[in-house]
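Below is one structure; the comments refer to it alone.
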Amino acid sequence: MVKKSDLKKLNSIMEESEALKGERKYNKAVEKLLEGIQFIEDRVKEPEEKRDEIENLKAEIDQIYVIEIIDITNRAYNFMNENDYDRAYKTYEEAMRIADKIEEKELRDDEIEEINNAITHNQLEETIYKAGVLVKEDRYENAINVLKDTLIKAQKVYKTKPNHEIIDRIKNTTNEVYSRQVTLLTEQGDKLKATGNHYEAIETYKDALKITEKFYESDLKTTQTINLKTIINQIYSTLIEPLLEKGKSLYSQNNFKEAVKEFESALEVARKMFESEQKEKVMRNINSVSADALNPVYLSRIEPLIEKGKELTGREYYAQDLTIVNQAIRDFTEALDIAENMAESKEKETQVSNISNLIKKVCLTRIDLLRDNSLRKLAQKDYEGAVNELYAAISIAKKIPIREEENEELNKLKDSVNKAFSSQINEILVEGKAFLTQKNYNEALEIFTKAMDITNKMYLNEIMEEEIAKIKSLIYQAELKDLVGRGDLVEEQKKFEKELEKLDKKMEYAKTIVDEQRRFEEMNKIKLAIDEVHYSEIKLIVEQANQLADSRNYLDSFEFFEKAIRVNDLIESSEYKDKVPIKTNYKNQLINKAKKEIETNNFDHAIGDCEKALELDSTHINAYFYIGIANSHKAQYDEAIASFKKALDLTKNHVKSWNHMGLVYTKKKEYDEAIESYEKAIEIEPIYTEAFFNMANAYKLKNQLNKAIDIYKKVTEIEPDHAMAWLFLGHCYLEKNEYFSAVESLEKSTSLDSRLEQELNRHISEFKDSIENMKENISKSFDNKLNSLF
């Protein structure tokens, strides 16, 4: 043990070191602690105590180095902000030399990584600055190349943060360079337009437009694109006007052929315009002037194509021949292209609509054939063949003249492809789940990975997302179960503790950062990292809790759930807090335990488990339901009814609560209330056999035998093998003295249940014999009486 005098001396050394650290005299602070280490070497005799004290002082030295690194990197950051990148690099090198002195490996590696990241950031800032210099020298292409290379590097560095501030700055700077190039080309186009060189001007503006396509998405890109398209459209409008005037003049002179040529030239120019209100206005103007001249010409071209297509589709079983289908679609599509060139008119609308319907009809006929083929192959579990048929159908569906996002048939086929893959995935998952149940976790993971590979072939929609989520959940289960099954939890827990300890140290260091913005960002980053560790820890704890519960080690299981809740309370960020459904798992396992307790007649324990579940979730319907079941078994009927009513207050559709409340009322001999409860259950679930059976029993107990018989018959219609319904039906007939119906029902019940057969068959036989004897004796008496009359 360290002597009191030695301890006093050691504390004095550490206080002096702390004071020097506060004054930023880091070397002297380290020297003072080294002096403390030497003092311990000389004065402390017990080896273990000596080792512990020296380790503590070495950790203090590492902390001084880290704080010194923060000071140095802050200086480097300031140099970078002043565009003095060389001094920043030298300062980071100084920080790196200090980091190399840190003894604890993980801490040293972390600090070196942080410094390397800072150096990378400095490099990125320097290249952005250099790009700015190139722009000032009008070396735009060079600037763009530098910025592109810089962006690639930045995206690699910040791959987990695609919207990092420096990535956005690189993109904005790149856009500004492109914008300068656009401005220069626009000025050239303006000069060409002013001198009447319209087509050259258009090409120049289009060159500028191509540059805007290289922009990263931004308001600047949108504005410049719209401006350029508007200028180009204005020039096209200028070129159209003389063509229209000439066409009108020729038409007025009855020179229809030449007039058509001018109008078609005007339309050809108009179609080159970008979609806009301006283009629509120009097209309306052309159509109003040229419809009478152009449309008859177009109709004469359309008619033979339509006739040709109709001849092909009039052939028997044409849909089975892909060559004929494709040719018909080509003919109709060519006709549609011509119709769409017609001048706007009612006639054009009719033609476009009719031809579109012809194309759609051909496509749908072929699609239906392929879909049927796919369904047959799917039934045979030929998934590849089924999908190939659907792919062929999709290629046809794309020819329907409608925008893809509005093409319902196309979307249905894509869903069908995904459903075919889903069927294949589900078949694979059955095998994987079997391995999971058998605790063959590696084999299960291989199967689940194979299933995940199939999702890569699916179309991106809700079906695909659901399959991916389902498979990810199974992979997560397999990995966790494997980890828990291997018993590696202690080692994993140590990893979490060590990671948290490291992050706590980082937080202490982050608090010393002078720059307020940097301190805030760094502390938030560390808080999020801490929450992520807690989240990983919770996943492991909950899986262990579930496995313990599954093996009926409930007490240990519930302790783990409580621990998981405590860890979750430490999480601050919404990204990770409550991400693992701890309470859902916990309350479900409490209910599982309650059911086991009821099976073994431990009703008070079952009620306690349910009450704990209600502490976790006051709206947990099953908790109230099983409290009702337990109280019913305890013959505490009013309490049972109160619990069922609480479950029904939460949802009126909980049929089991209605049914079991009816049973309790039956036990209380309150038959009308019981029947009302059963009727509620049946109203919700019209083929709820158990509720019908219980209702029939209630009517039987009320001695309303005809009503009971009708309902027992309903039970046997829903469930023909319900032996007890046949038995009770037979008893009702007995009480009504309808012996033959009674025997028929009783014999049916014994044929369905071997226990009833052993118990009742002798009595049924005796009963049948007595009826036969009675029948025979009465018949003889009748015959004798009859004969005496003659």
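Chain labels run A, B, ... following the order of the structure tokens; each chain numbers its residues from 1, and ligands are numbered from 1 in the order shown.
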Checklist entry - Which polymer residues have any atom within 12 Å of an atom of Ile324 (chain A), counting only C-alpha atoms, with same-chain residues fewer than 6 positions away left out, as a VMD selection string? => result chain A and resid 308 to 318 330 to 331 362 to 363 366
Next on the checklist: Could you go through region 596-709 of chain A and tell me which residues DSSP, when run on the backbone, assigns to alpha helix (DSSP H), listing them as a PyMOL selection string?
Outcome noted: chain A and resi 596-599+603-616+621-633+637-650+655-667+671-684+689-701+705-709
Selection to disk with C-alpha atoms, as a PDB file, in the first residue's frame:
```pdb
ATOM      1  CA  LYS A 596     -48.334 -21.113 -19.226  1.00  0.00           C
ATOM      2  CA  GLU A 597     -49.341 -20.172 -15.657  1.00  0.00           C
ATOM      3  CA  ILE A 598     -53.036 -20.577 -16.543  1.00  0.00           C
ATOM      4  CA  GLU A 599     -52.322 -24.017 -18.030  1.00  0.00           C
ATOM      5  CA  PHE A 603     -53.880 -18.043 -11.784  1.00  0.00           C
ATOM      6  CA  ASP A 604     -52.545 -15.355  -9.410  1.00  0.00           C
ATOM      7  CA  HIS A 605     -49.139 -15.508 -11.064  1.00  0.00           C
ATOM      8  CA  ALA A 606     -50.815 -15.192 -14.458  1.00  0.00           C
ATOM      9  CA  ILE A 607     -52.710 -12.091 -13.294  1.00  0.00           C
ATOM     10  CA  GLY A 608     -49.439 -10.599 -11.962  1.00  0.00           C
ATOM     11  CA  ASP A 609     -47.749 -11.135 -15.351  1.00  0.00           C
ATOM     12  CA  CYS A 610     -50.647  -9.458 -17.159  1.00  0.00           C
ATOM     13  CA  GLU A 611     -50.617  -6.512 -14.760  1.00  0.00           C
ATOM     14  CA  LYS A 612     -46.896  -6.040 -15.453  1.00  0.00           C
ATOM     15  CA  ALA A 613     -47.672  -6.071 -19.187  1.00  0.00           C
ATOM     16  CA  LEU A 614     -50.247  -3.335 -18.551  1.00  0.00           C
ATOM     17  CA  GLU A 615     -47.591  -1.257 -16.779  1.00  0.00           C
ATOM     18  CA  LEU A 616     -45.635  -1.387 -20.030  1.00  0.00           C
ATOM     19  CA  ILE A 621     -55.764  -6.023 -25.035  1.00  0.00           C
ATOM     20  CA  ASN A 622     -54.385  -9.524 -24.403  1.00  0.00           C
ATOM     21  CA  ALA A 623     -53.358  -8.549 -20.869  1.00  0.00           C
ATOM     22  CA  TYR A 624     -56.960  -7.691 -19.964  1.00  0.00           C
ATOM     23  CA  PHE A 625     -58.191 -10.782 -21.810  1.00  0.00           C
ATOM     24  CA  TYR A 626     -55.969 -13.228 -19.899  1.00  0.00           C
ATOM     25  CA  ILE A 627     -56.730 -11.534 -16.568  1.00  0.00           C
ATOM     26  CA  GLY A 628     -60.359 -12.292 -17.448  1.00  0.00           C
ATOM     27  CA  ILE A 629     -59.504 -15.931 -18.241  1.00  0.00           C
ATOM     28  CA  ALA A 630     -57.588 -16.348 -14.949  1.00  0.00           C
ATOM     29  CA  ASN A 631     -60.405 -14.792 -12.887  1.00  0.00           C
ATOM     30  CA  SER A 632     -62.933 -17.007 -14.663  1.00  0.00           C
ATOM     31  CA  HIS A 633     -60.949 -20.080 -13.600  1.00  0.00           C
ATOM     32  CA  TYR A 637     -66.856 -13.986 -12.353  1.00  0.00           C
ATOM     33  CA  ASP A 638     -67.565 -10.288 -11.869  1.00  0.00           C
ATOM     34  CA  GLU A 639     -63.844  -9.494 -11.997  1.00  0.00           C
ATOM     35  CA  ALA A 640     -63.521 -11.628 -15.138  1.00  0.00           C
ATOM     36  CA  ILE A 641     -66.406  -9.797 -16.864  1.00  0.00           C
ATOM     37  CA  ALA A 642     -64.869  -6.432 -15.873  1.00  0.00           C
ATOM     38  CA  SER A 643     -61.547  -7.439 -17.520  1.00  0.00           C
ATOM     39  CA  PHE A 644     -63.219  -8.626 -20.732  1.00  0.00           C
ATOM     40  CA  LYS A 645     -65.131  -5.339 -20.884  1.00  0.00           C
ATOM     41  CA  LYS A 646     -61.848  -3.397 -20.544  1.00  0.00           C
ATOM     42  CA  ALA A 647     -60.452  -5.337 -23.505  1.00  0.00           C
ATOM     43  CA  LEU A 648     -63.605  -4.534 -25.469  1.00  0.00           C
ATOM     44  CA  ASP A 649     -63.362  -0.839 -24.533  1.00  0.00           C
ATOM     45  CA  LEU A 650     -60.069  -0.849 -26.446  1.00  0.00           C
ATOM     46  CA  VAL A 655     -64.215 -11.742 -30.591  1.00  0.00           C
ATOM     47  CA  LYS A 656     -62.459 -13.875 -27.969  1.00  0.00           C
ATOM     48  CA  SER A 657     -63.447 -11.420 -25.225  1.00  0.00           C
ATOM     49  CA  TRP A 658     -67.102 -11.515 -26.337  1.00  0.00           C
ATOM     50  CA  ASN A 659     -67.025 -15.328 -26.439  1.00  0.00           C
ATOM     51  CA  HIS A 660     -65.346 -15.802 -23.059  1.00  0.00           C
ATOM     52  CA  MET A 661     -67.529 -13.161 -21.437  1.00  0.00           C
ATOM     53  CA  GLY A 662     -70.462 -15.245 -22.686  1.00  0.00           C
ATOM     54  CA  LEU A 663     -68.966 -18.321 -21.009  1.00  0.00           C
ATOM     55  CA  VAL A 664     -68.673 -16.445 -17.702  1.00  0.00           C
ATOM     56  CA  TYR A 665     -72.293 -15.302 -17.948  1.00  0.00           C
ATOM     57  CA  THR A 666     -73.225 -18.938 -18.669  1.00  0.00           C
ATOM     58  CA  LYS A 667     -71.384 -20.029 -15.520  1.00  0.00           C
ATOM     59  CA  TYR A 671     -78.131 -16.977 -20.102  1.00  0.00           C
ATOM     60  CA  ASP A 672     -79.642 -13.965 -21.870  1.00  0.00           C
ATOM     61  CA  GLU A 673     -76.476 -11.907 -21.265  1.00  0.00           C
ATOM     62  CA  ALA A 674     -74.382 -14.902 -22.398  1.00  0.00           C
ATOM     63  CA  ILE A 675     -76.385 -15.246 -25.642  1.00  0.00           C
ATOM     64  CA  GLU A 676     -76.035 -11.510 -26.300  1.00  0.00           C
ATOM     65  CA  SER A 677     -72.230 -11.810 -25.926  1.00  0.00           C
ATOM     66  CA  TYR A 678     -72.081 -14.777 -28.326  1.00  0.00           C
ATOM     67  CA  GLU A 679     -74.202 -12.884 -30.855  1.00  0.00           C
ATOM     68  CA  LYS A 680     -71.714  -9.980 -30.734  1.00  0.00           C
ATOM     69  CA  ALA A 681     -68.835 -12.394 -31.423  1.00  0.00           C
ATOM     70  CA  ILE A 682     -70.709 -13.944 -34.373  1.00  0.00           C
ATOM     71  CA  GLU A 683     -71.614 -10.521 -35.742  1.00  0.00           C
ATOM     72  CA  ILE A 684     -67.876  -9.766 -35.999  1.00  0.00           C
ATOM     73  CA  THR A 689     -67.731 -22.060 -34.541  1.00  0.00           C
ATOM     74  CA  GLU A 690     -66.874 -21.823 -30.851  1.00  0.00           C
ATOM     75  CA  ALA A 691     -69.294 -18.916 -30.278  1.00  0.00           C
ATOM     76  CA  PHE A 692     -72.109 -20.754 -32.106  1.00  0.00           C
ATOM     77  CA  PHE A 693     -71.466 -23.903 -30.019  1.00  0.00           C
ATOM     78  CA  ASN A 694     -71.443 -21.951 -26.752  1.00  0.00           C
ATOM     79  CA  MET A 695     -74.654 -20.125 -27.750  1.00  0.00           C
ATOM     80  CA  ALA A 696     -76.366 -23.442 -28.499  1.00  0.00           C
ATOM     81  CA  ASN A 697     -75.325 -24.661 -25.050  1.00  0.00           C
ATOM     82  CA  ALA A 698     -76.848 -21.555 -23.466  1.00  0.00           C
ATOM     83  CA  TYR A 699     -80.164 -22.149 -25.262  1.00  0.00           C
ATOM     84  CA  LYS A 700     -80.052 -25.806 -24.181  1.00  0.00           C
ATOM     85  CA  LEU A 701     -79.517 -24.768 -20.571  1.00  0.00           C
ATOM     86  CA  LEU A 705     -84.368 -27.043 -27.328  1.00  0.00           C
ATOM     87  CA  ASN A 706     -85.581 -26.117 -30.813  1.00  0.00           C
ATOM     88  CA  LYS A 707     -83.339 -23.019 -30.824  1.00  0.00           C
ATOM     89  CA  ALA A 708     -80.433 -25.065 -29.481  1.00  0.00           C
ATOM     90  CA  ILE A 709     -80.966 -27.737 -32.181  1.00  0.00           C
TER      91      ILE A 709
END
```
Next on the checklist: Report as number ranges by chain all protein, DNA and RNA residues lying within 10 Å of His164 (chain A), evaluated on only C-alpha atoms, omitting residues in the same chain fewer than 5 positions from it.
Outcome noted: A: 154-155, 158-159, 169
Item to check | Counting only C-alpha atoms, the option among A:Ala420, A:Val580, A:Ala742, A:Met724 closest to Glu384 (chain A) | outcome: A:Ala420
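Nearest to Asp504 (chain A) of all the residues A:Asp52, A:Val417, A:Ile526, A:Asp71 is A:Ile526, counting only C-alpha atoms.
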Checklist entry - In Å to one decimal, how far is CA of Ala143 (chain A) from CA of Val177 (chain A)? => result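 Result for CA of Val177 (chain A) versus CA of Ala143 (chain A): 7.6 Å, one decimal.
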Checklist entry - Which residues, written as number ranges by chain, have at least one atom at most 6 Å from region 270-276 of chain A, with only C-alpha atoms counted and residues fewer than 3 positions away on the same chain left out? => result A: 233, 267, 279
Checklist entry - Which polymer residues have any atom within 12 Å of an atom of Tyr140 (chain A), counting only C-alpha atoms, with same-chain residues fewer than 4 positions away left out, as a list in words? => result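 Listing them by chain and then by number gives Lys130, Ala131, Gly132, Val133, Leu134, Val135, Lys136, Ile144, Asn145, Val146, Leu147, Thr173, Thr174, Asn175, Glu176, Val177, Tyr178, Ser179, Arg180, Gln181, Val182 and Leu184 of chain A.
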Next on the checklist: Neighbouring residues of region 103-106 of chain A were defined as those with any atom within 12 Å, considering only C-alpha atoms; residues of the same chain fewer than 5 positions away were excluded. Please report them as an NGL selection string.
Outcome noted: :A and (55-66 or 98 or 111-113 or 498-499 or 501-503 or 505-506)
Checklist outcome for this item: One decimal place gives the CA of Asn461 (chain A)-CA of Asn418 (chain A) separation as 8.7 Å
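Minimum atom-to-atom distance to Asn553 (chain A), evaluated using only C-alpha atoms, belongs to A:Asn592 out of A:Ser345, A:Thr223, A:Asn592, A:Ser749.
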Counting only C-alpha atoms, which residues in region 99-192 of chain A sit no more than 12 Å from region 228-232 of chain A? For each one, give the nearest pair of atoms and the distance in Å, sorted by chain then residue number, as a Markdown table.
```
| residue | atom | partner | partner_atom | distance |
| --- | --- | --- | --- | --- |
| A:Val182 | CA | A:Leu228 | CA | 9.4 |
| A:Thr183 | CA | A:Leu228 | CA | 10.3 |
| A:Leu185 | CA | A:Leu228 | CA | 10.5 |
| A:Thr186 | CA | A:Leu228 | CA | 8.0 |
| A:Glu187 | CA | A:Leu228 | CA | 11.4 |
| A:Gly189 | CA | A:Ile231 | CA | 9.7 |
| A:Asp190 | CA | A:Ile231 | CA | 9.3 |
```
Selection to disk with N, CA and C atoms, as a PDB file, in the first residue's frame:
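Saved result, part-v4.pdb, follows:
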```
ATOM      1  N   VAL A 182     -21.810  29.390 -69.834  1.00  0.00           N
ATOM      2  CA  VAL A 182     -23.141  29.609 -70.428  1.00  0.00           C
ATOM      3  C   VAL A 182     -23.303  31.076 -70.803  1.00  0.00           C
ATOM      4  N   THR A 183     -22.886  31.959 -69.924  1.00  0.00           N
ATOM      5  CA  THR A 183     -23.013  33.406 -70.180  1.00  0.00           C
ATOM      6  C   THR A 183     -22.250  33.812 -71.433  1.00  0.00           C
ATOM      7  N   LEU A 185     -21.429  31.895 -74.053  1.00  0.00           N
ATOM      8  CA  LEU A 185     -22.107  31.362 -75.248  1.00  0.00           C
ATOM      9  C   LEU A 185     -23.402  32.138 -75.528  1.00  0.00           C
ATOM     10  N   THR A 186     -24.102  32.520 -74.481  1.00  0.00           N
ATOM     11  CA  THR A 186     -25.344  33.286 -74.655  1.00  0.00           C
ATOM     12  C   THR A 186     -25.049  34.624 -75.322  1.00  0.00           C
ATOM     13  N   GLU A 187     -23.958  35.261 -74.911  1.00  0.00           N
ATOM     14  CA  GLU A 187     -23.571  36.545 -75.525  1.00  0.00           C
ATOM     15  C   GLU A 187     -23.256  36.352 -77.011  1.00  0.00           C
ATOM     16  N   GLY A 189     -24.529  33.980 -78.958  1.00  0.00           N
ATOM     17  CA  GLY A 189     -25.811  33.737 -79.600  1.00  0.00           C
ATOM     18  C   GLY A 189     -26.595  35.016 -79.818  1.00  0.00           C
ATOM     19  N   ASP A 190     -26.542  35.916 -78.850  1.00  0.00           N
ATOM     20  CA  ASP A 190     -27.252  37.206 -78.974  1.00  0.00           C
ATOM     21  C   ASP A 190     -26.731  37.993 -80.184  1.00  0.00           C
TER      22      ASP A 190
END
```
Next on the checklist: Just the number, please: distance in Å from CA of Ile718 (chain A) to CA of Tyr688 (chain A), one decimal.
Outcome noted: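 Between CA of Ile718 (chain A) and CA of Tyr688 (chain A) the gap is 8.6 Å.
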Item to check | Neighbour list for region 431-440 of chain A as a list of chain:residue names, cut-off 9 Å, only C-alpha atoms, skip fewer than 3 positions in-chain | outcome: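 The contact residues come out as A:Asn426, A:Glu427, A:Ile428, A:Glu443, A:Ala444, A:Leu445, A:Glu446, A:Ile447, A:Phe448, A:Leu474, A:Gln477, A:Ala478, A:Lys481, A:Asp482, A:Gly485.
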